[in-house]
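Asks: I'm passing along model17.txt; it holds compact mmCIF, C-alpha atoms.
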# COMPACT_ATOMS: atom_id res chain seq x y z
CA MET S 666 -34.38 -1.13 -2.40
CA LYS S 667 -31.51 -3.22 -1.17
CA GLN S 668 -28.43 -1.47 0.17
CA ILE S 669 -24.69 -1.98 -0.38
CA VAL S 670 -22.50 0.27 1.73
CA ILE S 671 -18.80 0.74 0.98
CA LEU S 672 -16.69 2.23 3.76
CA GLY S 673 -13.66 4.02 2.35
CA ALA S 674 -13.16 5.68 -1.04
CA GLY S 675 -9.49 5.00 -1.62
CA THR S 676 -8.24 2.60 -4.28
CA ALA S 677 -10.19 -0.43 -3.03
CA GLY S 678 -13.48 1.31 -2.29
CA THR S 679 -13.54 3.32 -5.51
CA LEU S 680 -12.74 0.20 -7.53
CA MET S 681 -15.65 -1.67 -5.95
CA ALA S 682 -18.09 1.20 -6.48
CA ASN S 683 -17.25 1.21 -10.18
CA LYS S 684 -17.42 -2.57 -10.55
CA LEU S 685 -20.69 -2.99 -8.66
CA SER S 686 -22.38 -0.13 -10.51
CA LYS S 687 -21.94 -2.21 -13.68
CA GLU S 688 -23.20 -5.43 -12.07
CA LEU S 689 -26.27 -4.30 -10.12
CA LEU S 690 -29.56 -2.88 -11.38
CA GLN S 691 -30.10 0.68 -10.15
CA ASP S 692 -33.84 0.11 -9.63
CA GLU S 693 -33.05 -2.76 -7.22
CA TRP S 694 -29.87 -1.67 -5.44
CA THR S 695 -28.51 1.49 -3.87
CA ILE S 696 -24.74 1.73 -3.60
CA THR S 697 -23.45 4.15 -0.96
CA ILE S 698 -19.78 4.99 -0.47
CA VAL S 699 -18.56 6.82 2.65
CA ASP S 700 -15.29 8.65 3.21
CA GLN S 701 -14.30 11.67 5.29
CA CYS S 702 -11.83 13.01 2.70
CA LYS S 703 -12.70 14.51 -0.69
CA THR S 704 -9.17 14.21 -2.11
CA HIS S 705 -7.84 11.05 -3.72
CA TYR S 706 -4.10 10.45 -3.36
CA TYR S 707 -1.99 8.37 -5.71
CA GLN S 708 0.06 6.98 -2.86
CA PRO S 709 2.77 5.23 -4.96
CA GLY S 710 3.68 8.71 -6.19
CA PHE S 711 4.64 9.93 -2.70
CA LEU S 712 7.93 8.07 -3.14
CA PHE S 713 9.02 10.36 -5.99
CA ILE S 714 8.24 13.75 -4.45
CA PRO S 715 11.33 14.06 -2.18
CA PHE S 716 13.57 13.62 -5.23
CA GLY S 717 11.79 16.17 -7.41
CA ILE S 718 10.43 13.58 -9.86
CA TYR S 719 6.78 14.27 -9.01
CA LYS S 720 5.08 17.36 -7.65
CA LYS S 721 2.05 17.55 -5.39
CA HIS S 722 -0.34 18.07 -8.30
CA ASP S 723 0.82 14.78 -9.85
CA VAL S 724 -0.57 12.71 -6.98
CA ILE S 725 -3.89 14.33 -6.05
CA LYS S 726 -7.28 14.53 -7.72
CA PRO S 727 -10.85 14.99 -6.43
CA LYS S 728 -12.43 11.68 -5.41
CA ALA S 729 -15.65 12.77 -7.09
CA ASP S 730 -13.93 12.44 -10.48
CA PHE S 731 -13.88 8.65 -10.10
CA PHE S 732 -17.29 7.77 -8.68
CA PRO S 733 -19.77 6.26 -11.15
CA VAL S 734 -23.07 7.96 -11.87
CA GLY S 735 -25.83 6.79 -9.55
CA VAL S 736 -23.66 6.00 -6.54
CA ASN S 737 -24.64 7.80 -3.34
CA VAL S 738 -21.58 9.56 -1.89
CA ILE S 739 -21.38 10.64 1.75
CA TYR S 740 -18.41 12.62 3.05
CA SER S 741 -18.34 11.85 6.74
CA GLN S 742 -16.24 10.31 9.46
CA ILE S 743 -17.44 6.86 10.45
CA ASP S 744 -18.22 6.25 14.10
CA LYS S 745 -18.57 2.47 14.06
CA ILE S 746 -20.16 -0.59 12.51
CA VAL S 747 -22.88 -2.45 14.40
CA PRO S 748 -22.75 -5.78 12.54
CA GLU S 749 -25.43 -7.54 14.57
CA GLU S 750 -27.89 -4.82 13.47
CA ASN S 751 -26.56 -4.44 9.89
CA LYS S 752 -25.92 -0.74 10.29
CA VAL S 753 -23.13 1.85 10.22
CA LEU S 754 -23.13 4.90 12.47
CA LEU S 755 -21.68 8.11 11.07
CA VAL S 756 -20.26 10.98 13.13
CA GLU S 757 -21.72 13.90 11.19
CA GLY S 758 -25.40 14.39 11.92
CA SER S 759 -25.65 11.13 13.84
CA GLN S 760 -26.68 9.49 10.57
CA VAL S 761 -27.36 5.75 10.45
CA LEU S 762 -26.81 3.67 7.31
CA LYS S 763 -28.54 0.32 7.02
CA TYR S 764 -27.02 -2.28 4.73
CA ASP S 765 -27.75 -5.66 3.21
CA TYR S 766 -24.07 -6.07 2.35
CA LEU S 767 -21.11 -4.10 3.67
CA ILE S 768 -17.65 -3.70 2.14
CA ILE S 769 -14.92 -2.45 4.46
CA ALA S 770 -12.21 -0.65 2.49
CA THR S 771 -10.97 1.82 5.07
CA GLY S 772 -7.29 1.15 4.35
CA ALA S 773 -4.38 1.62 6.71
CA ARG S 774 -3.18 4.73 8.51
CA LEU S 775 0.21 5.83 9.77
CA ALA S 776 0.62 5.59 13.53
CA PRO S 777 3.96 7.25 14.41
CA GLU S 778 2.72 7.67 17.97
CA GLU S 779 3.18 3.91 18.44
CA THR S 780 6.98 4.35 18.53
CA PRO S 781 8.18 6.39 21.53
CA GLY S 782 10.06 9.49 20.42
CA LEU S 783 9.28 9.14 16.71
CA LYS S 784 6.86 12.03 16.65
CA GLY S 785 9.06 14.07 18.96
CA GLU S 786 10.87 17.39 18.75
CA LEU S 787 12.69 16.37 15.54
CA TRP S 788 9.49 15.42 13.70
CA TYR S 789 9.54 17.10 10.28
CA LYS S 790 12.89 18.69 11.16
CA ASP S 791 15.34 15.78 11.00
CA VAL S 792 12.77 12.95 11.16
CA PHE S 793 10.30 12.42 8.34
CA ASP S 794 8.04 9.90 6.66
CA PHE S 795 7.29 9.73 2.94
CA TYR S 796 4.06 7.73 3.24
CA SER S 797 1.87 10.80 3.80
CA ILE S 798 1.44 13.87 1.63
CA ASP S 799 2.57 16.19 4.44
CA GLY S 800 5.58 14.03 5.23
CA THR S 801 6.80 13.64 1.69
CA LEU S 802 6.42 17.36 0.91
CA ALA S 803 8.28 18.32 4.09
CA LEU S 804 11.07 15.85 3.25
CA ALA S 805 11.34 17.27 -0.27
CA GLU S 806 11.96 20.73 1.14
CA HIS S 807 14.49 19.38 3.64
CA LEU S 808 16.52 17.53 1.01
CA LYS S 809 16.91 20.66 -1.11
CA THR S 810 19.35 22.12 1.43
CA TRP S 811 20.59 19.03 3.30
CA GLN S 812 24.37 18.92 3.32
CA GLY S 813 24.75 15.19 3.87
CA GLY S 814 25.50 12.84 6.74
CA ARG S 815 23.94 9.62 7.98
CA LEU S 816 20.66 8.90 6.22
CA VAL S 817 18.78 6.10 7.98
CA VAL S 818 15.60 4.59 6.53
CA ASN S 819 13.79 2.57 9.19
CA ILE S 820 10.74 0.31 8.98
CA ALA S 821 9.07 0.38 12.39
CA GLU S 822 6.80 -2.65 12.22
CA LEU S 823 5.12 -5.19 9.96
CA PRO S 824 2.83 -5.06 8.05
CA TYR S 825 3.07 -1.76 6.19
CA LYS S 826 1.83 -0.35 2.91
CA CYS S 827 3.84 -1.05 -0.25
CA PRO S 828 6.60 -3.29 1.16
CA VAL S 829 9.11 -2.45 -1.61
CA ALA S 830 8.85 1.34 -1.19
CA PRO S 831 11.65 1.63 1.44
CA LEU S 832 13.98 -0.19 -0.96
CA GLU S 833 12.94 2.11 -3.77
CA PHE S 834 13.57 5.10 -1.51
CA VAL S 835 17.18 4.14 -0.77
CA PHE S 836 17.80 3.34 -4.46
CA LEU S 837 16.42 6.72 -5.51
CA ALA S 838 18.37 8.45 -2.73
CA ASP S 839 21.58 6.90 -4.05
CA ALA S 840 20.83 8.22 -7.56
CA TYR S 841 19.68 11.62 -6.27
CA PHE S 842 22.80 12.34 -4.22
CA THR S 843 25.03 10.99 -6.99
CA GLN S 844 23.44 13.41 -9.47
CA ARG S 845 23.99 16.25 -7.00
CA GLY S 846 27.65 15.34 -6.70
CA MET S 847 27.45 14.62 -2.97
CA ARG S 848 27.02 10.85 -2.75
CA ASP S 849 30.37 10.58 -0.96
CA LYS S 850 28.95 12.80 1.78
CA VAL S 851 25.91 10.59 2.42
CA ASP S 852 25.92 7.30 4.31
CA ILE S 853 22.70 5.38 3.48
CA THR S 854 21.46 2.61 5.76
CA LEU S 855 18.23 0.60 5.54
CA VAL S 856 17.15 -0.67 8.96
CA THR S 857 14.43 -3.30 8.75
CA PRO S 858 12.62 -5.87 10.89
CA LEU S 859 12.85 -8.27 7.94
CA PRO S 860 15.62 -10.88 7.84
CA GLY S 861 16.95 -9.29 4.66
CA ALA S 862 16.06 -7.01 1.78
CA PHE S 863 12.85 -8.96 1.09
CA THR S 864 10.83 -11.79 2.56
CA LYS S 865 11.66 -14.47 -0.04
CA PRO S 866 15.15 -15.77 -0.92
CA ILE S 867 15.28 -15.37 -4.72
CA ALA S 868 14.15 -11.73 -4.68
CA THR S 869 16.29 -11.07 -1.60
CA LYS S 870 19.39 -12.23 -3.48
CA LEU S 871 18.85 -9.74 -6.35
CA LEU S 872 17.87 -6.85 -4.11
CA SER S 873 20.78 -7.48 -1.73
CA GLN S 874 23.18 -7.38 -4.67
CA LEU S 875 21.74 -4.03 -5.74
CA LEU S 876 22.16 -2.63 -2.23
CA GLU S 877 25.77 -3.78 -2.15
CA GLU S 878 26.52 -2.34 -5.61
CA LYS S 879 25.14 1.03 -4.52
CA ASN S 880 27.01 1.00 -1.20
CA ILE S 881 23.79 0.96 0.81
CA LYS S 882 24.08 -0.79 4.16
CA ILE S 883 21.30 -2.95 5.54
CA ILE S 884 20.66 -3.81 9.17
CA PRO S 885 18.13 -6.70 9.31
CA ASP S 886 16.08 -8.14 12.17
CA TYR S 887 15.85 -4.72 13.80
CA ASN S 888 12.78 -4.03 15.94
CA ILE S 889 12.81 -0.39 16.96
CA ALA S 890 11.94 0.47 20.56
CA GLU S 891 12.41 4.24 20.53
CA VAL S 892 13.84 7.31 18.83
CA ASP S 893 16.26 9.32 20.96
CA ASN S 894 15.75 12.90 19.76
CA LYS S 895 18.55 14.40 21.85
CA GLU S 896 21.27 11.97 20.76
CA LYS S 897 19.75 11.51 17.29
CA LYS S 898 19.71 7.72 17.27
CA ILE S 899 17.24 4.87 17.09
CA ILE S 900 17.38 2.04 19.61
CA ASP S 901 15.94 -1.46 19.25
CA TYR S 902 14.66 -3.79 21.95
CA ALA S 903 18.05 -5.51 22.12
CA GLY S 904 19.76 -2.18 22.78
CA LEU S 905 21.36 -1.82 19.33
CA GLU S 906 21.78 1.87 18.54
CA VAL S 907 21.86 3.36 15.04
CA PRO S 908 22.82 7.06 14.88
CA PHE S 909 21.33 9.34 12.24
CA ASP S 910 21.53 12.84 10.89
CA LEU S 911 18.37 12.33 8.87
CA LEU S 912 15.83 9.64 9.78
CA VAL S 913 13.23 8.60 7.24
CA SER S 914 10.69 6.40 8.99
CA VAL S 915 8.05 3.98 7.79
CA PRO S 916 5.87 4.27 10.90
CA THR S 917 3.66 1.53 12.30
CA ASN S 918 0.61 1.00 10.08
CA LYS S 919 -2.77 0.40 11.69
CA GLY S 920 -6.30 -0.08 10.47
CA ASP S 921 -8.88 2.65 10.91
CA ASP S 922 -9.77 3.47 14.53
CA MET S 923 -13.39 2.83 13.57
CA ILE S 924 -12.55 -0.88 13.32
CA GLU S 925 -11.49 -0.90 16.98
CA ARG S 926 -14.62 0.98 18.04
CA SER S 927 -16.65 -1.65 16.19
CA GLY S 928 -14.90 -4.51 17.98
CA MET S 929 -13.99 -6.11 14.66
CA GLY S 930 -10.22 -5.80 14.46
CA ASP S 931 -7.00 -7.51 15.50
CA ASP S 932 -4.26 -5.87 17.59
CA LEU S 933 -3.50 -3.42 14.78
CA ASN S 934 -7.15 -2.78 13.85
CA PHE S 935 -7.04 -4.86 10.68
CA VAL S 936 -10.14 -6.95 10.05
CA PRO S 937 -9.74 -10.75 10.28
CA THR S 938 -10.67 -11.87 6.77
CA ASP S 939 -10.91 -15.18 4.93
CA LYS S 940 -7.85 -14.99 2.68
CA TYR S 941 -9.57 -16.82 -0.17
CA THR S 942 -13.17 -15.52 -0.17
CA LEU S 943 -12.50 -12.02 1.30
CA GLN S 944 -15.45 -12.44 3.65
CA ALA S 945 -15.00 -10.97 7.14
CA ASN S 946 -14.60 -13.80 9.62
CA GLY S 947 -17.86 -14.45 11.43
CA HIS S 948 -19.93 -12.09 9.25
CA GLU S 949 -21.74 -13.51 6.23
CA ASN S 950 -22.75 -10.16 4.72
CA ILE S 951 -19.50 -8.24 5.34
CA PHE S 952 -16.50 -8.34 2.99
CA VAL S 953 -13.10 -6.67 3.31
CA LEU S 954 -10.88 -5.33 0.55
CA GLY S 955 -7.46 -3.73 0.39
CA ASP S 956 -5.26 -2.67 3.29
CA ALA S 957 -8.09 -2.96 5.84
CA ALA S 958 -7.92 -6.78 5.68
CA ASN S 959 -5.41 -8.86 7.63
CA LEU S 960 -4.51 -10.94 4.57
CA PRO S 961 -1.06 -12.60 4.57
CA THR S 962 0.04 -10.71 1.47
CA SER S 963 1.32 -7.25 0.57
CA LYS S 964 -0.65 -4.15 1.44
CA ALA S 965 -0.38 -2.79 -2.07
CA GLY S 966 -2.61 -1.34 -4.76
CA SER S 967 -2.10 -4.37 -6.99
CA VAL S 968 -3.52 -6.63 -4.27
CA ALA S 969 -6.63 -4.43 -4.03
CA HIS S 970 -6.98 -4.56 -7.81
CA PHE S 971 -6.71 -8.35 -8.09
CA ALA S 972 -8.80 -8.97 -4.98
CA ALA S 973 -11.55 -6.65 -6.28
CA GLU S 974 -12.15 -9.05 -9.15
CA ILE S 975 -12.59 -11.92 -6.69
CA LEU S 976 -14.77 -9.90 -4.34
CA THR S 977 -17.08 -8.79 -7.15
CA GLU S 978 -17.70 -12.38 -8.17
CA ASN S 979 -18.15 -13.67 -4.63
CA LEU S 980 -20.46 -10.81 -3.68
CA MET S 981 -22.65 -11.62 -6.66
CA CYS S 982 -22.67 -15.25 -5.50
CA ALA S 983 -23.79 -14.15 -2.04
CA ILE S 984 -26.54 -11.94 -3.47
CA GLU S 985 -27.81 -14.75 -5.68
CA GLY S 986 -27.58 -17.37 -2.93
CA ARG S 987 -24.88 -19.42 -4.64
CA PRO S 988 -21.68 -20.89 -3.16
CA PHE S 989 -18.59 -18.75 -3.70
CA THR S 990 -16.97 -19.49 -7.05
CA ALA S 991 -13.90 -17.25 -6.85
CA LYS S 992 -10.78 -17.78 -4.79
CA PHE S 993 -8.13 -15.14 -4.16
CA ASP S 994 -4.61 -16.53 -4.40
CA GLY S 995 -2.83 -13.55 -2.83
CA HIS S 996 -1.62 -12.23 -6.18
CA ALA S 997 0.67 -9.19 -5.89
CA ASN S 998 2.62 -7.44 -8.60
CA CYS S 999 5.19 -4.70 -7.89
CA TYR S 1000 7.48 -2.62 -10.06
CA ILE S 1001 10.58 -1.57 -8.13
CA VAL S 1002 12.50 1.51 -9.29
CA THR S 1003 16.21 0.97 -8.76
CA GLY S 1004 17.45 4.44 -9.74
CA ASN S 1005 19.02 6.01 -12.83
CA GLY S 1006 16.08 5.15 -15.06
CA MET S 1007 16.13 1.45 -14.25
CA GLY S 1008 13.74 -0.87 -12.46
CA THR S 1009 12.81 -4.45 -11.73
CA LEU S 1010 9.52 -6.33 -11.32
CA ILE S 1011 8.19 -9.02 -8.99
CA ASP S 1012 5.04 -11.12 -9.35
CA PHE S 1013 3.98 -13.55 -6.62
CA ASN S 1014 1.12 -14.93 -4.51
CA TYR S 1015 0.43 -16.76 -1.25
CA ASP S 1016 2.27 -19.90 -2.35
CA THR S 1017 4.79 -18.84 -4.99
CA GLU S 1018 7.68 -16.48 -4.33
CA PRO S 1019 8.88 -13.98 -6.98
CA LEU S 1020 10.58 -15.88 -9.80
CA PRO S 1021 12.65 -14.76 -12.81
CA GLY S 1022 11.07 -14.70 -16.25
CA THR S 1023 9.03 -12.43 -18.51
CA PHE S 1024 5.73 -10.61 -17.90
CA PRO S 1025 2.93 -10.58 -18.90
CA LEU S 1026 3.63 -12.57 -22.08
CA PRO S 1027 5.85 -15.70 -21.88
CA GLY S 1028 9.14 -15.13 -23.68
CA VAL S 1029 7.98 -11.74 -24.95
CA GLY S 1030 7.45 -9.58 -21.91
CA PRO S 1031 7.97 -6.74 -22.47
CA PHE S 1032 8.78 -6.64 -18.76
CA GLY S 1033 11.45 -8.74 -17.10
CA LEU S 1034 10.81 -10.43 -13.77
CA LEU S 1035 13.72 -10.00 -11.34
CA LYS S 1036 15.66 -8.24 -14.09
CA VAL S 1037 16.93 -4.67 -13.90
CA THR S 1038 15.83 -2.97 -17.12
CA LYS S 1039 14.75 0.40 -18.50
CA MET S 1040 11.44 -1.14 -19.59
CA ASN S 1041 10.58 -2.00 -15.99
CA HIS S 1042 11.25 1.62 -15.03
CA TYR S 1043 8.91 2.75 -17.80
CA GLY S 1044 6.29 0.32 -16.50
CA LYS S 1045 6.44 1.95 -13.08
CA MET S 1046 6.15 5.46 -14.48
CA ILE S 1047 3.38 4.61 -16.95
CA PHE S 1048 1.34 3.05 -14.18
CA ARG S 1049 0.34 6.46 -12.82
CA TRP S 1050 -1.64 7.10 -16.01
CA MET S 1051 -3.09 3.58 -15.84
CA TYR S 1052 -4.11 4.17 -12.23
CA TRP S 1053 -6.05 7.36 -12.89
CA HIS S 1054 -7.66 6.33 -16.18
CA VAL S 1055 -8.12 2.56 -16.01
CA LEU S 1056 -7.67 0.91 -12.61
CA LEU S 1057 -9.70 3.30 -10.42
CA LYS S 1058 -12.57 3.28 -12.90
CA GLY S 1059 -12.82 -0.50 -12.72
CA LYS S 1060 -11.87 -1.08 -16.35
CA GLU S 1061 -10.30 -4.32 -17.52
CA MET S 1062 -6.51 -4.48 -17.40
CA PRO S 1063 -4.40 -6.93 -19.48
CA ILE S 1064 -3.20 -8.87 -16.42
CA SER S 1065 -4.67 -12.11 -15.10
CA THR S 1066 -6.41 -11.83 -11.72
CA ASN S 1067 -4.83 -14.99 -10.34
CA MET S 1068 -1.08 -15.34 -10.73
CA SER S 1069 0.04 -17.19 -13.83
CA MET S 1070 3.15 -19.36 -14.03
CA ALA S 1071 3.46 -18.63 -17.74
CA GLY S 1072 6.82 -17.04 -18.50
CA LYS S 1073 8.25 -17.80 -15.06
CA LYS S 1074 11.35 -19.93 -14.53
CA LEU S 1075 11.50 -22.29 -11.59
CA THR S 1076 14.90 -22.15 -9.86
CA TYR S 1077 16.32 -24.77 -7.55
The structure in this file should be written as structure tokens.
Replies:
Amino acid sequence: MKQIVILGAGTAGTLMANKLSKELLQDEWTITIVDQCKTHYYQPGFLFIPFGIYKKHDVIKPKADFFPVGVNVIYSQIDKIVPEENKVLLVEGSQVLKYDYLIIATGARLAPEETPGLKGELWYKDVFDFYSIDGTLALAEHLKTWQGGRLVVNIAELPYKCPVAPLEFVFLADAYFTQRGMRDKVDITLVTPLPGAFTKPIATKLLSQLLEEKNIKIIPDYNIAEVDNKEKKIIDYAGLEVPFDLLVSVPTNKGDDMIERSGMGDDLNFVPTDKYTLQANGHENIFVLGDAANLPTSKAGSVAHFAAEILTENLMCAIEGRPFTAKFDGHANCYIVTGNGMGTLIDFNYDTEPLPGTFPLPGVGPFGLLKVTKMNHYGKMIFRWMYWHVLLKGKEMPISTNMSMAGKKLTY
């Protein structure tokens, strides 16, 4: 029997297990998926918990619910990969897994310890994250009784998971405090290392207008050096200080520590990966999917979804000894909630920035690109059902894998 080993059972790993179980004959191939955690988290839902829109039970399910029949599941921490010997060492029981092909889908983890003072005496008292289940639940409790003041949302470092989530957070915070009748008591500031609200000019223009309309300040080009817990302020490398009463941090994101132990990662433990084929650089039988890869695109669930289609095809090419026939174009697709039941949508890839238009059908939609509409908000909220019932199970979705220009309007 030939062996495919998938490391990580989050969005990317679960997707690949489901897709490969349909492609490979069970009497010829064994598919093994390894993860230390038995709970699957719908991470886009963490954003909504502090504002009472979702509860904990809305974003968690057992991982076992989504594995296909016939896949070998091992719950264990991974020690390291030994690529020159085609094996993976596990921590529990000193088990060794041999593989013919390996898929690394170990995601990204929060590393608040990378910023001095972030995980200090104010951690989960006046300093929170909303990118972890513990952080978002603690922040939800804190906001119930918070009396207002200076709310600062800070992005510590690039890259990080779901690049639009900090924007969504400040938009939802504006709506939340308005509904509670205390918006005039809350000063909201987004502090980001980006040069503006987004990385590309057309989307930045729309999102900057929304920030201005909602009286949300933005401090761009800010690279945090430390959090001063005593004075309650953040300080960047240029000495610029931003005081806070409540700090909501997007901590540094890093790849799994196992990648470092394996000697396969960059400075942040992300795996150098061919951005088109999804093959790990220097390793013919290792592929990387999702946040674990150092691709120059968003670390988002949509990227894992689109890239999984490419990886499935290219892995089959590798197995059958054919040249790769699929090419990933960096396609990413993100709904952005803007508060008060409204939202917008962006669709882009490596080469094309988010453009206005309609999606997925030209002229029909029903979703509007770079438009603020109720339908886009519904799209965001409906996606949770799609995630649990369609995407994770590897079923076909009515969206093209590679980005289409149909329905988009070029602007000059």
Asks: Which residues are near Phe731 in chain S? Cut-off 8 Å, all atoms listed in the file, ignore same chain within fewer than 3 positions. Put them as a ChimeraX atom specification.
Replies: /S:679,727-728,1057-1058
Asks: Using only C-alpha atoms, find the one residue out of S:Lys726, S:Arg926, S:His1054, S:Lys870 that sits nearest to Leu1035 in chain S.
Replies: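 Result for the nearest residue to Leu1035 in chain S: S:Lys870.
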Asks: Env of Leu876 in chain S: 10 Å cut, atoms = only C-alpha atoms, seq-sep filter 4 positions within chain, self excluded. Answer as a PyMOL selection string.
Replies: chain S and resi 832+835-836+839+853-855+862+871-872+880-883+1003
Asks: Which residues of range 790-893 of chain S sit at most 10 Å from range 757-778 of chain S, using only C-alpha atoms? Give each one's shortest atom pair and distance in Å (one decimal place), in chain and ascending residue order, as a tab-separated table.
Replies:
residue	atom	partner	partner_atom	distance
S:Asp794	CA	S:Pro777	CA	9.2
S:Tyr796	CA	S:Leu775	CA	7.8
S:Ser797	CA	S:Leu775	CA	7.9
S:Ala821	CA	S:Pro777	CA	8.8
S:Pro824	CA	S:Ala773	CA	9.9
S:Tyr825	CA	S:Ala773	CA	8.2
S:Lys826	CA	S:Ala773	CA	7.5
Asks: Considering all atoms listed in the file, can you say which of S:Val953, S:Ile798, S:Ile884, S:Ala890 comes closest to Val670 in chain S?
Replies: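 Nearest candidate to Val670 in chain S out of S:Val953, S:Ile798, S:Ile884, S:Ala890: S:Val953.
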Asks: Restricting the calculation to all atoms listed in the file, which member of S:Thr977, S:Thr1023, S:Thr1009, S:Asn1067 is positioned closest to His996 in chain S?
Replies: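 So, comparing all the options, the nearest one is S:Asn1067.
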Asks: Counting all atoms listed in the file, figure out which residue out of S:Asn819, S:Gln701, S:Asn737, S:Gln944 gets nearest to Lys898 in chain S.
Replies: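 The answer is S:Asn819, which sits nearest to Lys898 in chain S.
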Asks: Rounded to one decimal, what separation in Å do you get between CA of Leu680 in chain S and CA of Phe711 in chain S?
Replies: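 Computing the Euclidean distance for CA of Leu680 in chain S and CA of Phe711 in chain S yields 20.5 Å.
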Asks: For Val724 in chain S, which residue out of S:Asp744, S:Ile1064, S:Phe952, S:Trp1050 is the nearest one, using all atoms listed in the file?
Replies: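 Once distances to Val724 in chain S are computed over all atoms listed in the file, the minimum belongs to S:Trp1050.
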Asks: Please provide the set of residues having any atom within 7 Å of Ser927 in chain S, restricted to all atoms listed in the file, with same-chain residues fewer than 6 positions apart removed, written as a PyMOL selection string.
Replies: chain S and resi 745-747
Asks: Tell me, in Å to one decimal, how far CA of Arg815 in chain S is from CA of Val851 in chain S.
Replies: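 Distance between the two atoms: 6.0 Å.
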Asks: Between S:Met681, S:Ile714, S:Ile1011, S:Ile743, which residue has the minimum interatomic distance to Lys809 in chain S, considering all atoms listed in the file?
Replies: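 Result for the nearest residue to Lys809 in chain S: S:Ile714.
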Asks: As an exercise, work out the distance from CA of Ala997 in chain S to CA of Glu878 in chain S in Å and give it to one decimal place.
Replies: 26.7 Å
Asks: For a quick check of your reading of the model, name the residues lying within 7 Å of the coordinate (17.1, -11.7, -15.0), counting all atoms listed in the file, and write them as a ChimeraX atom specification.
Replies: /S:1021-1022,1033-1036
